[in-house]
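Here is the file upload_19.cif (mmCIF, C-alpha atoms).
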```cif
data_protein
loop_
_atom_site.label_atom_id
_atom_site.label_comp_id
_atom_site.auth_asym_id
_atom_site.auth_seq_id
_atom_site.Cartn_x
_atom_site.Cartn_y
_atom_site.Cartn_z
CA MET A 1 -43.05 81.47 -96.64
CA SER A 2 -42.58 85.02 -95.55
CA TYR A 3 -45.00 86.70 -93.23
CA GLY A 4 -43.65 90.16 -92.82
CA TYR A 5 -40.44 91.99 -92.33
CA ARG A 6 -39.18 93.70 -89.22
CA GLU A 7 -35.88 95.09 -88.03
CA ILE A 8 -33.72 92.59 -86.22
CA GLY A 9 -30.05 92.10 -85.47
CA THR A 10 -26.98 93.90 -86.75
CA GLY A 11 -24.39 93.06 -89.35
CA GLN A 12 -24.56 90.43 -92.08
CA LYS A 13 -22.34 87.52 -93.00
CA LYS A 14 -22.32 85.81 -96.36
CA GLY A 15 -24.14 82.50 -96.63
CA LEU A 16 -26.32 80.89 -93.98
CA SER A 17 -25.62 81.55 -90.31
CA SER A 18 -25.80 78.61 -87.87
CA THR A 19 -29.03 80.02 -86.42
CA GLU A 20 -30.62 80.40 -89.84
CA LYS A 21 -29.62 76.86 -90.84
CA LYS A 22 -31.23 75.46 -87.69
CA HIS A 23 -34.46 77.39 -88.25
CA LEU A 24 -34.66 76.39 -91.92
CA ILE A 25 -34.03 72.71 -91.16
CA ILE A 26 -36.66 72.59 -88.39
CA ALA A 27 -39.25 74.42 -90.52
CA LEU A 28 -38.50 72.19 -93.52
CA GLY A 29 -38.86 69.06 -91.40
CA VAL A 30 -42.15 70.07 -89.81
CA LEU A 31 -43.69 71.25 -93.09
CA THR A 32 -42.59 68.05 -94.81
CA LEU A 33 -44.31 65.99 -92.13
CA ALA A 34 -47.42 68.19 -92.21
CA PHE A 35 -47.92 67.89 -95.97
CA ALA A 36 -47.25 64.14 -95.87
CA ILE A 37 -49.84 63.63 -93.13
CA SER A 38 -52.39 65.85 -94.89
CA PHE A 39 -52.09 64.22 -98.31
CA SER A 40 -52.04 60.69 -96.92
CA GLY A 41 -55.45 61.26 -95.34
CA GLY A 42 -54.82 62.90 -92.00
CA PHE A 43 -54.40 61.09 -88.69
CA TYR A 44 -55.05 57.58 -89.97
CA GLY A 45 -52.84 58.16 -93.00
CA ILE A 46 -49.74 57.82 -90.83
CA LEU A 47 -50.60 54.14 -90.36
CA SER A 48 -50.91 53.45 -94.09
CA THR A 49 -48.22 51.59 -96.01
CA THR A 50 -47.98 54.48 -98.49
CA PHE A 51 -47.06 57.07 -95.84
CA PRO A 52 -43.26 56.73 -96.35
CA VAL A 53 -43.82 57.45 -100.06
CA PHE A 54 -45.84 60.56 -99.25
CA LEU A 55 -43.12 61.62 -96.82
CA LEU A 56 -40.45 61.42 -99.53
CA ILE A 57 -42.56 63.26 -102.11
CA SER A 58 -43.50 65.85 -99.51
CA PHE A 59 -39.82 66.45 -98.74
CA ILE A 60 -39.09 67.12 -102.41
CA SER A 61 -42.14 69.36 -102.73
CA VAL A 62 -41.53 71.41 -99.59
CA GLY A 63 -37.84 71.58 -100.40
CA THR A 64 -38.61 73.43 -103.63
CA ALA A 65 -41.64 75.41 -102.45
CA PHE A 66 -40.61 76.55 -98.97
CA LEU A 67 -36.85 76.90 -99.43
CA PHE A 68 -37.00 78.56 -102.85
CA HIS A 69 -39.68 80.95 -101.59
CA GLU A 70 -37.69 82.06 -98.55
CA LEU A 71 -34.37 82.24 -100.36
CA ALA A 72 -35.96 84.40 -103.06
CA HIS A 73 -37.09 86.90 -100.39
CA ARG A 74 -33.69 86.75 -98.76
CA ARG A 75 -31.67 87.18 -101.92
CA LEU A 76 -33.55 90.25 -103.13
CA ALA A 77 -33.48 91.86 -99.68
CA ARG A 78 -29.71 91.41 -99.57
CA ALA A 79 -29.43 92.78 -103.10
CA TYR A 80 -30.99 95.97 -101.73
CA GLY A 81 -28.25 96.09 -99.08
CA CYS A 82 -30.36 94.78 -96.19
CA TRP A 83 -29.57 92.31 -93.45
CA ALA A 84 -31.86 89.32 -94.10
CA GLU A 85 -32.28 85.92 -92.45
CA PHE A 86 -35.07 83.38 -92.01
CA ARG A 87 -36.59 82.80 -88.59
CA MET A 88 -39.15 80.09 -87.90
CA TRP A 89 -42.44 80.78 -86.12
CA ARG A 90 -42.94 78.02 -83.54
CA TRP A 91 -46.69 78.44 -83.21
CA GLY A 92 -47.04 78.47 -86.98
CA LEU A 93 -45.25 75.14 -87.21
CA ILE A 94 -47.34 73.70 -84.38
CA LEU A 95 -50.54 74.81 -86.13
CA ALA A 96 -49.32 73.35 -89.43
CA LEU A 97 -48.84 69.99 -87.76
CA MET A 98 -52.17 70.13 -85.91
CA PHE A 99 -54.21 71.06 -88.99
CA SER A 100 -52.48 68.37 -91.06
CA PHE A 101 -54.19 65.69 -88.95
CA LEU A 102 -57.49 67.16 -90.20
CA GLY A 103 -56.33 66.93 -93.81
CA PHE A 104 -55.34 70.59 -94.26
CA VAL A 105 -52.02 72.43 -93.98
CA PHE A 106 -51.84 75.87 -92.36
CA ALA A 107 -48.60 76.96 -94.02
CA ALA A 108 -47.10 79.59 -91.70
CA PRO A 109 -43.61 78.34 -90.81
CA GLY A 110 -41.88 81.68 -90.31
CA ALA A 111 -40.47 84.70 -92.10
CA VAL A 112 -37.41 86.28 -93.62
CA MET A 113 -36.53 89.08 -91.23
CA ILE A 114 -34.77 92.12 -92.63
CA LYS A 115 -33.04 95.21 -91.33
CA GLY A 116 -32.32 98.18 -93.54
CA HIS A 117 -33.77 101.20 -95.26
CA ILE A 118 -36.05 100.20 -98.12
CA THR A 119 -38.83 101.93 -100.02
CA ARG A 120 -42.42 100.67 -100.30
CA GLU A 121 -41.65 99.55 -103.84
CA GLN A 122 -38.57 97.59 -102.73
CA ASN A 123 -40.53 96.00 -99.89
CA GLY A 124 -43.26 95.05 -102.36
CA LYS A 125 -40.77 93.51 -104.75
CA ILE A 126 -39.10 91.56 -101.93
CA SER A 127 -42.52 90.24 -100.91
CA ALA A 128 -43.44 89.36 -104.50
CA ALA A 129 -40.21 87.41 -105.06
CA GLY A 130 -41.45 84.43 -103.00
CA PRO A 131 -44.86 83.83 -104.65
CA ALA A 132 -43.41 84.59 -108.09
CA THR A 133 -40.76 81.91 -107.56
CA ASN A 134 -43.44 79.45 -106.43
CA TRP A 135 -45.48 80.18 -109.55
CA LEU A 136 -42.49 79.62 -111.85
CA VAL A 137 -41.49 76.33 -110.19
CA GLY A 138 -45.13 75.20 -110.04
CA ALA A 139 -45.74 75.97 -113.72
CA LEU A 140 -42.59 74.10 -114.78
CA PHE A 141 -43.41 70.98 -112.76
CA LEU A 142 -47.05 71.10 -113.88
CA THR A 143 -45.94 71.18 -117.51
CA GLY A 144 -43.63 68.23 -116.84
CA SER A 145 -46.48 66.32 -115.20
CA TYR A 146 -48.83 66.93 -118.13
CA PHE A 147 -46.41 65.80 -120.84
CA SER A 148 -45.02 62.83 -118.89
CA ASN A 149 -48.60 61.62 -118.49
CA LEU A 150 -49.18 61.92 -122.24
CA TYR A 151 -46.28 59.54 -122.81
CA GLY A 152 -47.73 57.03 -120.35
CA ILE A 153 -44.91 57.28 -117.79
CA VAL A 154 -45.95 55.63 -114.52
CA PHE A 155 -45.95 57.49 -111.16
CA VAL A 156 -43.74 60.38 -112.37
CA PRO A 157 -46.73 62.56 -113.39
CA PHE A 158 -48.15 62.27 -109.87
CA VAL A 159 -44.85 63.24 -108.22
CA LEU A 160 -44.40 66.23 -110.52
CA ALA A 161 -48.02 67.30 -109.95
CA PHE A 162 -47.54 67.02 -106.19
CA VAL A 163 -44.50 69.31 -106.34
CA ALA A 164 -46.40 71.74 -108.56
CA PHE A 165 -49.42 71.83 -106.27
CA VAL A 166 -47.39 72.47 -103.10
CA ASN A 167 -45.57 75.34 -104.82
CA LEU A 168 -48.79 76.89 -106.11
CA PHE A 169 -50.53 76.37 -102.76
CA ILE A 170 -47.76 78.05 -100.77
CA GLY A 171 -47.48 80.87 -103.30
CA GLY A 172 -51.24 81.41 -103.32
CA PHE A 173 -51.55 81.23 -99.53
CA ASN A 174 -48.92 83.93 -99.18
CA LEU A 175 -50.84 86.21 -101.58
CA LEU A 176 -53.73 86.59 -99.14
CA PRO A 177 -53.78 90.37 -98.48
CA PHE A 178 -54.01 90.10 -94.70
CA GLY A 179 -51.79 90.64 -91.67
CA PRO A 180 -48.10 89.96 -92.21
CA LEU A 181 -48.60 87.88 -95.38
CA ASP A 182 -46.78 88.81 -98.59
CA GLY A 183 -50.03 89.75 -100.30
CA ARG A 184 -50.67 92.78 -98.10
CA LYS A 185 -47.27 94.32 -98.86
CA ILE A 186 -47.52 93.56 -102.59
CA PHE A 187 -51.02 95.09 -102.73
CA SER A 188 -49.79 98.15 -100.86
CA TRP A 189 -47.00 98.60 -103.41
CA SER A 190 -48.84 97.81 -106.66
CA VAL A 191 -52.42 96.63 -107.12
CA LYS A 192 -51.63 95.80 -110.77
CA ASN A 193 -48.74 93.50 -109.86
CA TYR A 194 -50.79 91.95 -107.05
CA ILE A 195 -53.62 91.09 -109.47
CA LEU A 196 -51.08 89.75 -111.98
CA LEU A 197 -49.58 87.34 -109.43
CA VAL A 198 -53.02 86.20 -108.26
CA ALA A 199 -54.05 85.64 -111.88
CA LEU A 200 -50.88 83.69 -112.67
CA ILE A 201 -51.18 81.33 -109.71
CA GLY A 202 -54.98 81.03 -109.93
CA GLY A 203 -54.87 80.50 -113.67
CA THR A 204 -52.16 77.84 -113.38
CA LEU A 205 -54.12 76.00 -110.71
CA ALA A 206 -57.24 76.11 -112.90
CA ALA A 207 -55.30 74.90 -115.95
CA GLY A 208 -53.79 72.08 -113.92
CA TYR A 209 -57.26 71.04 -112.75
CA TYR A 210 -58.96 71.08 -116.15
CA LEU A 211 -56.02 69.49 -117.97
CA GLY A 212 -55.86 66.68 -115.41
CA PRO A 213 -52.60 66.83 -113.40
CA LEU A 214 -54.14 68.64 -110.41
CA SER A 215 -57.64 67.14 -110.57
CA GLY A 216 -56.87 64.92 -107.59
CA PHE A 217 -55.57 67.80 -105.47
CA LEU A 218 -58.40 70.34 -105.86
#
```
Taking this structure as input, can you express it in the form of structure tokens?
Amino acid sequence: MSYGYREIGTGQKKGLSSTEKKHLIIALGVLTLAFAISFSGGFYGILSTTFPVFLLISFISVGTAFLFHELAHRRLARAYGCWAEFRMWRWGLILALMFSFLGFVFAAPGAVMIKGHITREQNGKISAAGPATNWLVGALFLTGSYFSNLYGIVFVPFVLAFVAFVNLFIGGFNLLPFGPLDGRKIFSWSVKNYILLVALIGGTLAAGYYLGPLSGFL
């Protein structure tokens, strides 16, 4: 996720720096564990025989939702000529883990930090890139879950629905128009585009619930 942009550092190398790799790996690991604990039933879910399965599915889900979200922010910021790298938020990761034992994930792992001169519109577009990517990935996996279920394929629909839900959840969470969340910067740039993104993610979640794939997640 991305929870705001501030000036940091100087210069920019291509690819991932060693610091950025470390922060991404730690955040990915903690979020994977948090979602696995939450969806397996909280504290006692860790002791269940199905927990390793949830851990694997959670890794796939967070890998698409968290990494794609952050890299979308990062890529667009760099396209505008800015320095941009992900930095984890330690307290956010600790809270994610703590809340997961109660059956809920507080998804605030960190942010893509940028340095450079950008307009309000560019900042809004950078912020929108993450949730928009989550919506696209979520919609694709949700469609796959729906049709694979129609053909009676075992277990695959659940895995695809899990990936879809995590993407839509992270995208939706980031659209909250408060504090350093993406939603505030998108709303500040364009109310129309903010409402469009909210409608896309909310509508996809609703469709997933009424059509069946997400009925067990909402």
Item to check | Selection dump of the PyMOL selection byres ((chain A and resi 72-74) around 6), as a PyMOL selection string | outcome: chain A and resi 68-71+75-77+84+126+129-130
Just the selected residues (C-alpha atoms), exported as a PDB file, in the coordinates of the input, please.
```pdb
ATOM      1  CA  PHE A  68     -37.000  78.560-102.850  1.00  0.00           C
ATOM      2  CA  HIS A  69     -39.680  80.950-101.590  1.00  0.00           C
ATOM      3  CA  GLU A  70     -37.690  82.060 -98.550  1.00  0.00           C
ATOM      4  CA  LEU A  71     -34.370  82.240-100.360  1.00  0.00           C
ATOM      5  CA  ARG A  75     -31.670  87.180-101.920  1.00  0.00           C
ATOM      6  CA  LEU A  76     -33.550  90.250-103.130  1.00  0.00           C
ATOM      7  CA  ALA A  77     -33.480  91.860 -99.680  1.00  0.00           C
ATOM      8  CA  ALA A  84     -31.860  89.320 -94.100  1.00  0.00           C
ATOM      9  CA  ILE A 126     -39.100  91.560-101.930  1.00  0.00           C
ATOM     10  CA  ALA A 129     -40.210  87.410-105.060  1.00  0.00           C
ATOM     11  CA  GLY A 130     -41.450  84.430-103.000  1.00  0.00           C
TER      12      GLY A 130
END
```
Checklist outcome for this item: Correct to one decimal, the distance CA of Gly103 (chain A)-CA of Val163 (chain A) is 17.4 Å
Checklist entry - region 186-202 of chain A: which residues within 7 Å, counting only C-alpha atoms, same-chain residues fewer than 6 positions away excluded, as JSON, numbers by chain? => result {"A": [120, 121, 124, 127, 128, 132, 135, 168, 172, 177]}
Next on the checklist: Env of region 20-37 of chain A: 8 Å cut, atoms = only C-alpha atoms, seq-sep filter 2 positions within chain, self excluded. Answer as an MDAnalysis selection string.
Outcome noted: chainID A and resid 16:18 39:43 45:46 51 54:55 57:59 62:63 66:67 85:88 93 96:97 100:101 103 105 107 109:110
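One distance worth recording is that between CA of Ala207 (chain A) and CA of Ile60 (chain A), which is 22.5 Å.
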Item to check | Computed interatomic separation between CA of Gly216 (chain A) and CA of Phe178 (chain A) (Å) | outcome: 28.4 Å
When you write region 3-148 of chain A out from the block above, keep C-alpha atoms and present the result as a compact mmCIF listing (two decimals), in the first residue's frame, please.
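Generated output (part36.txt):
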```
# COMPACT_ATOMS: atom_id res chain seq x y z
CA TYR A 3 0.26 5.98 2.64
CA GLY A 4 1.63 9.26 1.47
CA TYR A 5 4.57 10.73 -0.28
CA ARG A 6 7.35 12.81 1.20
CA GLU A 7 10.76 13.98 0.08
CA ILE A 8 13.55 11.61 0.96
CA GLY A 9 17.02 10.81 -0.29
CA THR A 10 18.88 11.94 -3.39
CA GLY A 11 19.61 10.30 -6.71
CA GLN A 12 17.96 7.26 -8.24
CA LYS A 13 19.30 3.97 -9.52
CA LYS A 14 17.45 1.67 -11.88
CA GLY A 15 15.78 -1.37 -10.38
CA LEU A 16 15.42 -2.17 -6.69
CA SER A 17 18.03 -0.94 -4.23
CA SER A 18 19.22 -3.32 -1.48
CA THR A 19 17.33 -1.26 1.11
CA GLU A 20 14.11 -1.33 -0.90
CA LYS A 21 14.39 -5.10 -1.45
CA LYS A 22 14.78 -5.66 2.28
CA HIS A 23 11.79 -3.48 3.13
CA LEU A 24 9.59 -5.13 0.48
CA ILE A 25 10.52 -8.65 1.59
CA ILE A 26 9.86 -7.91 5.28
CA ALA A 27 6.53 -6.20 4.52
CA LEU A 28 5.50 -9.03 2.18
CA GLY A 29 6.35 -11.64 4.81
CA VAL A 30 4.49 -9.94 7.64
CA LEU A 31 1.40 -9.21 5.53
CA THR A 32 1.36 -12.79 4.26
CA LEU A 33 1.40 -14.08 7.84
CA ALA A 34 -1.23 -11.56 8.94
CA PHE A 35 -3.72 -12.49 6.21
CA ALA A 36 -3.12 -16.21 6.79
CA ILE A 37 -3.77 -15.86 10.52
CA SER A 38 -6.86 -13.71 9.96
CA PHE A 39 -8.51 -15.98 7.38
CA SER A 40 -7.70 -19.16 9.28
CA GLY A 41 -9.68 -17.88 12.26
CA GLY A 42 -7.31 -15.73 14.28
CA PHE A 43 -5.13 -16.93 17.15
CA TYR A 44 -6.39 -20.52 17.24
CA GLY A 45 -6.22 -20.79 13.47
CA ILE A 46 -2.43 -21.11 13.65
CA LEU A 47 -2.90 -24.49 15.32
CA SER A 48 -5.22 -25.83 12.61
CA THR A 49 -4.03 -28.34 10.02
CA THR A 50 -5.19 -26.02 7.23
CA PHE A 51 -2.96 -23.11 8.31
CA PRO A 52 -0.07 -24.02 5.92
CA VAL A 53 -2.58 -23.94 3.05
CA PHE A 54 -3.82 -20.51 4.09
CA LEU A 55 -0.21 -19.37 4.37
CA LEU A 56 0.53 -20.40 0.77
CA ILE A 57 -2.65 -18.82 -0.61
CA SER A 58 -2.00 -15.69 1.42
CA PHE A 59 1.50 -15.43 -0.05
CA ILE A 60 0.09 -15.55 -3.59
CA SER A 61 -2.63 -13.05 -2.71
CA VAL A 62 -0.38 -10.54 -0.94
CA GLY A 63 2.25 -11.00 -3.63
CA THR A 64 -0.17 -9.70 -6.26
CA ALA A 65 -2.04 -7.16 -4.12
CA PHE A 66 0.74 -5.54 -2.10
CA LEU A 67 3.63 -5.75 -4.56
CA PHE A 68 1.62 -4.76 -7.64
CA HIS A 69 0.08 -1.86 -5.71
CA GLU A 70 3.41 -0.45 -4.57
CA LEU A 71 5.20 -1.04 -7.86
CA ALA A 72 2.38 0.76 -9.69
CA HIS A 73 2.92 3.84 -7.48
CA ARG A 74 6.65 3.57 -7.94
CA ARG A 75 6.60 3.14 -11.69
CA LEU A 76 4.37 6.14 -12.36
CA ALA A 77 6.33 8.35 -9.96
CA ARG A 78 9.54 7.45 -11.78
CA ALA A 79 7.83 8.10 -15.11
CA TYR A 80 7.29 11.65 -13.88
CA GLY A 81 11.03 11.92 -13.22
CA CYS A 82 10.87 11.46 -9.45
CA TRP A 83 13.02 9.46 -7.09
CA ALA A 84 10.75 6.72 -5.71
CA GLU A 85 11.30 3.76 -3.38
CA PHE A 86 9.21 1.72 -0.96
CA ARG A 87 9.83 1.99 2.77
CA MET A 88 8.06 -0.20 5.32
CA TRP A 89 6.30 1.22 8.38
CA ARG A 90 7.30 -0.92 11.37
CA TRP A 91 4.36 0.03 13.55
CA GLY A 92 1.98 -0.61 10.67
CA LEU A 93 3.35 -4.12 10.27
CA ILE A 94 3.16 -4.74 14.03
CA LEU A 95 -0.47 -3.58 14.07
CA ALA A 96 -1.27 -5.77 11.06
CA LEU A 97 0.03 -8.79 12.92
CA MET A 98 -1.72 -7.89 16.18
CA PHE A 99 -5.12 -7.30 14.55
CA SER A 100 -4.82 -10.52 12.55
CA PHE A 101 -5.09 -12.53 15.79
CA LEU A 102 -8.53 -10.91 16.21
CA GLY A 103 -9.55 -11.96 12.71
CA PHE A 104 -8.97 -8.61 10.98
CA VAL A 105 -6.04 -7.18 9.01
CA PHE A 106 -4.99 -3.55 9.45
CA ALA A 107 -3.20 -3.20 6.12
CA ALA A 108 -0.67 -0.40 6.62
CA PRO A 109 2.74 -1.89 5.74
CA GLY A 110 4.46 1.24 4.47
CA ALA A 111 4.65 3.67 1.58
CA VAL A 112 6.38 4.54 -1.66
CA MET A 113 8.43 7.61 -0.82
CA ILE A 114 9.13 10.09 -3.59
CA LYS A 115 11.30 13.12 -4.15
CA GLY A 116 10.70 15.51 -7.00
CA HIS A 117 8.54 18.31 -8.31
CA ILE A 118 5.06 17.09 -9.18
CA THR A 119 1.70 18.77 -9.63
CA ARG A 120 -1.46 17.94 -7.65
CA GLU A 121 -2.77 16.09 -10.69
CA GLN A 122 0.41 14.00 -11.00
CA ASN A 123 0.34 13.23 -7.28
CA GLY A 124 -3.30 12.19 -7.60
CA LYS A 125 -2.54 9.93 -10.54
CA ILE A 126 0.40 8.35 -8.70
CA SER A 127 -1.90 7.68 -5.74
CA ALA A 128 -4.65 6.27 -7.97
CA ALA A 129 -2.27 3.85 -9.71
CA GLY A 130 -2.17 1.49 -6.71
CA PRO A 131 -5.93 1.03 -6.07
CA ALA A 132 -6.60 0.95 -9.83
CA THR A 133 -4.11 -1.90 -10.21
CA ASN A 134 -5.73 -3.75 -7.30
CA TRP A 135 -9.15 -3.36 -8.91
CA LEU A 136 -7.93 -4.71 -12.25
CA VAL A 137 -6.18 -7.73 -10.70
CA GLY A 138 -9.14 -8.35 -8.37
CA ALA A 139 -11.67 -8.21 -11.20
CA LEU A 140 -9.63 -10.62 -13.34
CA PHE A 141 -9.21 -13.18 -10.55
CA LEU A 142 -12.86 -12.83 -9.54
CA THR A 143 -13.94 -13.57 -13.10
CA GLY A 144 -11.65 -16.61 -13.13
CA SER A 145 -13.13 -17.80 -9.84
CA TYR A 146 -16.71 -17.45 -11.10
CA PHE A 147 -16.18 -19.37 -14.34
CA SER A 148 -13.95 -22.07 -12.84
```
